[in-house]
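Novice: The following block contains the structure, expressed as structure tokens.
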Amino acid sequence: MGANIPSELTGSLPRKVRATGSGIYFALASLTFLAIAVAGALWGAINTVQQAQQRAALRRDSSVTSGEITRIRKGKSSDVVYYTFTVNEASFMGKAEVPWQLRNNLRGSNRLPIRYLPANPDVNHPAAWEWCLFYWLPLSTDLIHLPNFSSELQWFFAALIVGPVGIVFLMGLRSERRLLTEGAPAAGVVTKCSRGARGGYSVEYEFRTDDGCVAKGSSSGDRKAIGACICILYLLPNPRRNQPYPSPNYRVAE
């Protein structure tokens, strides 16, 4: 095998491996990302359904009253209007995102028509528009067109970002574990070492497989001198799947 091959790699396959502290951390982080993605998607879906039900109820059973605008908070994509209104001498509050088409209509005004359910005035919304999945769509002539699900969209988009991150981490851990359990060892030589864009060093190397072919690979890690000998693990069916040994997230159990 060569002097660069540790003894724990010379036994029979598959090897028994254990996660290091780093491996456990990344596994837990990956599962946390996935859990957040699933929770965010479910939260957005549930709230979207609830808002759709409330919208239908407001269309069918609502009354309209005049509300007082208490605050307008400006945002990059849309403004948020806060308001109060009175039903049977009881005061209620509400808020809603303002479609960009109506931004100028509310500026300088302190009154706003409000739709509410007489049986439950806490379910309310400005009468001039509804919630909408796509707030940039044009308004219809009766202005009852724009349901605003932008907060739910933010959760959906967050789930689309966070979920794949967790999946990528888990796939990387799975690939790393497979190399340690099934990978063939080989003596490699560092051919290039340069500082990485995010700190650390990018190390390029090459090694010779069992059938005599020269394969190449790269990894990030500590600085290594060009020409330094390192141990490489690679998959016999696909030598392009390789990494230096020892692994940061798994160790071979001797």
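Identifiers for the structure tokens are assigned positionally: chains receive A, B, ... in sequence, residues are indexed from 1 per chain, and ligands are indexed from 1 in the order shown.
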Would you please give, as JSON, numbers by chain, all residues of region 2-243 of chain A that DSSP assigns to strand (DSSP E or B) based on the backbone?

Specialist: {"A": [17, 18, 19, 63, 64, 65, 66, 67, 68, 69, 70, 71, 72, 73, 79, 80, 81, 82, 83, 84, 85, 86, 87, 90, 91, 92, 93, 94, 95, 96, 97, 98, 111, 112, 113, 114, 115, 116, 117, 120, 121, 122, 123, 124, 125, 126, 132, 148, 184, 185, 186, 187, 188, 189, 190, 191, 192, 193, 194, 195, 201, 202, 203, 204, 205, 206, 207, 208, 214, 215, 216, 217, 218, 219, 220, 221, 229, 230, 231, 232, 233, 234, 235, 238, 239, 240, 241, 242, 243]}

Novice: Just the residues within 9 Å of region 191-197 of chain A, please, counting only C-alpha atoms, with nothing from its chain fewer than 2 positions along; format it as a list in words.

Specialist: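 The residues that qualify are Val189, Gly199, Gly200, Tyr201, Ser202, Val203, Glu204, Tyr205, Glu206, Ser220, Arg223, Lys224, Ala225, Ile226, Gly227 and Ala228 of chain A.
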
Novice: Store the residues picked out above, limited to all heavy atoms, as a compact mmCIF listing (two decimals), in the first residue's frame.

Specialist:
```
# COMPACT_ATOMS: atom_id res chain seq x y z
N VAL A 189 -0.57 12.97 -3.96
CA VAL A 189 0.46 14.01 -3.94
C VAL A 189 -0.22 15.35 -4.17
O VAL A 189 -1.03 15.50 -5.10
CB VAL A 189 1.53 13.77 -5.03
CG1 VAL A 189 2.55 14.90 -5.03
CG2 VAL A 189 2.22 12.44 -4.82
N GLY A 199 -11.55 31.87 3.35
CA GLY A 199 -10.58 31.49 4.36
C GLY A 199 -10.14 30.06 4.18
O GLY A 199 -10.73 29.30 3.42
N GLY A 200 -9.13 29.66 4.92
CA GLY A 200 -8.60 28.31 4.75
C GLY A 200 -7.86 28.19 3.42
O GLY A 200 -7.52 29.18 2.77
N TYR A 201 -7.65 26.94 3.00
CA TYR A 201 -6.90 26.70 1.78
C TYR A 201 -7.63 25.68 0.90
O TYR A 201 -8.32 24.79 1.40
CB TYR A 201 -5.50 26.18 2.11
CG TYR A 201 -4.60 27.24 2.71
CD1 TYR A 201 -4.59 27.47 4.08
CD2 TYR A 201 -3.78 28.01 1.90
CE1 TYR A 201 -3.79 28.46 4.64
CE2 TYR A 201 -2.97 28.99 2.45
CZ TYR A 201 -2.98 29.21 3.81
OH TYR A 201 -2.17 30.18 4.35
N SER A 202 -7.48 25.87 -0.40
CA SER A 202 -8.00 24.92 -1.38
C SER A 202 -6.82 24.06 -1.85
O SER A 202 -5.82 24.60 -2.36
CB SER A 202 -8.64 25.65 -2.56
OG SER A 202 -9.04 24.74 -3.56
N VAL A 203 -6.95 22.76 -1.65
CA VAL A 203 -5.85 21.85 -1.95
C VAL A 203 -6.24 20.96 -3.13
O VAL A 203 -7.31 20.35 -3.12
CB VAL A 203 -5.51 20.97 -0.72
CG1 VAL A 203 -4.38 20.00 -1.06
CG2 VAL A 203 -5.13 21.85 0.46
N GLU A 204 -5.39 20.93 -4.14
CA GLU A 204 -5.60 20.03 -5.27
C GLU A 204 -4.55 18.93 -5.22
O GLU A 204 -3.40 19.17 -4.80
CB GLU A 204 -5.50 20.80 -6.59
CG GLU A 204 -6.57 21.88 -6.73
CD GLU A 204 -6.47 22.62 -8.05
OE1 GLU A 204 -5.77 22.11 -8.97
OE2 GLU A 204 -7.09 23.70 -8.18
N TYR A 205 -4.94 17.73 -5.63
CA TYR A 205 -4.03 16.59 -5.53
C TYR A 205 -4.33 15.60 -6.65
O TYR A 205 -5.35 15.70 -7.34
CB TYR A 205 -4.18 15.92 -4.17
CG TYR A 205 -5.62 15.57 -3.84
CD1 TYR A 205 -6.21 14.38 -4.31
CD2 TYR A 205 -6.40 16.42 -3.05
CE1 TYR A 205 -7.52 14.07 -4.01
CE2 TYR A 205 -7.72 16.12 -2.76
CZ TYR A 205 -8.28 14.94 -3.24
OH TYR A 205 -9.58 14.65 -2.97
N GLU A 206 -3.42 14.66 -6.80
CA GLU A 206 -3.65 13.56 -7.73
C GLU A 206 -3.13 12.27 -7.10
O GLU A 206 -2.30 12.29 -6.19
CB GLU A 206 -2.97 13.82 -9.07
CG GLU A 206 -1.46 13.96 -9.03
CD GLU A 206 -0.86 14.24 -10.40
OE1 GLU A 206 -1.54 14.88 -11.22
OE2 GLU A 206 0.30 13.82 -10.63
N SER A 220 -10.88 21.36 0.72
CA SER A 220 -10.49 22.52 1.50
C SER A 220 -9.96 22.05 2.84
O SER A 220 -10.36 21.00 3.35
CB SER A 220 -11.69 23.45 1.72
OG SER A 220 -12.74 22.76 2.35
N ARG A 223 -3.22 24.36 5.14
CA ARG A 223 -2.20 24.58 4.11
C ARG A 223 -1.28 23.38 4.01
O ARG A 223 -0.86 22.82 5.02
CB ARG A 223 -1.39 25.83 4.44
CG ARG A 223 -0.36 26.19 3.38
CD ARG A 223 0.34 27.47 3.76
NE ARG A 223 1.30 27.86 2.73
CZ ARG A 223 2.07 28.94 2.80
NH1 ARG A 223 1.95 29.75 3.85
NH2 ARG A 223 2.91 29.23 1.82
N LYS A 224 -0.99 22.97 2.79
CA LYS A 224 -0.08 21.84 2.55
C LYS A 224 0.94 22.23 1.49
O LYS A 224 0.62 22.97 0.54
CB LYS A 224 -0.85 20.60 2.12
CG LYS A 224 -1.69 19.98 3.23
CD LYS A 224 -2.41 18.74 2.76
CE LYS A 224 -3.10 18.02 3.92
NZ LYS A 224 -4.06 18.89 4.63
N ALA A 225 2.14 21.72 1.65
CA ALA A 225 3.20 22.02 0.69
C ALA A 225 2.98 21.24 -0.60
O ALA A 225 2.52 20.08 -0.58
CB ALA A 225 4.56 21.67 1.28
N ILE A 226 3.30 21.87 -1.73
CA ILE A 226 3.21 21.17 -3.01
C ILE A 226 4.20 20.02 -3.02
O ILE A 226 5.37 20.17 -2.65
CB ILE A 226 3.48 22.15 -4.17
CG1 ILE A 226 2.40 23.22 -4.21
CG2 ILE A 226 3.55 21.40 -5.51
CD1 ILE A 226 2.61 24.28 -5.26
N GLY A 227 3.75 18.87 -3.40
CA GLY A 227 4.57 17.67 -3.39
C GLY A 227 4.40 16.84 -2.13
O GLY A 227 4.95 15.73 -2.05
N ALA A 228 3.64 17.37 -1.15
CA ALA A 228 3.43 16.61 0.09
C ALA A 228 2.59 15.37 -0.19
O ALA A 228 1.69 15.37 -1.03
CB ALA A 228 2.74 17.49 1.12
```

Novice: Find the distance between CA of Lys16 (chain A) and CA of Arg178 (chain A) and write it in Å to one decimal.

Specialist: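 That distance, rounded to one decimal, is 10.5 Å.
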
Novice: Show me, as a PDB file with C-alpha atoms, in the first residue's frame, the residues that have an atom within 10 Å of Thr70 (chain A) when counting only C-alpha atoms, minus same-chain residues fewer than 3 positions from it.

Specialist:
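Full text of part_19.pdb as output:
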```
ATOM      1  CA  GLY A  67     -62.348  52.686  10.120  1.00  0.00           C
ATOM      2  CA  VAL A  81     -51.840  50.072   7.139  1.00  0.00           C
ATOM      3  CA  TYR A  82     -53.007  49.829  10.766  1.00  0.00           C
ATOM      4  CA  TYR A  83     -56.554  50.811  11.624  1.00  0.00           C
ATOM      5  CA  THR A  84     -59.304  50.711  14.253  1.00  0.00           C
ATOM      6  CA  MET A  93     -58.038  46.725  15.443  1.00  0.00           C
ATOM      7  CA  GLY A  94     -56.635  45.364  12.217  1.00  0.00           C
ATOM      8  CA  LYS A  95     -53.793  45.683   9.767  1.00  0.00           C
ATOM      9  CA  ASN A 110     -57.353  59.097   7.943  1.00  0.00           C
ATOM     10  CA  ARG A 111     -60.455  57.024   7.094  1.00  0.00           C
TER      11      ARG A 111
END
```

Novice: Using only C-alpha atoms, which of A:Ile5, A:Leu112, A:Leu28, A:Ile161 sits nearest Pro185 (chain A)?

Specialist: A:Ile5
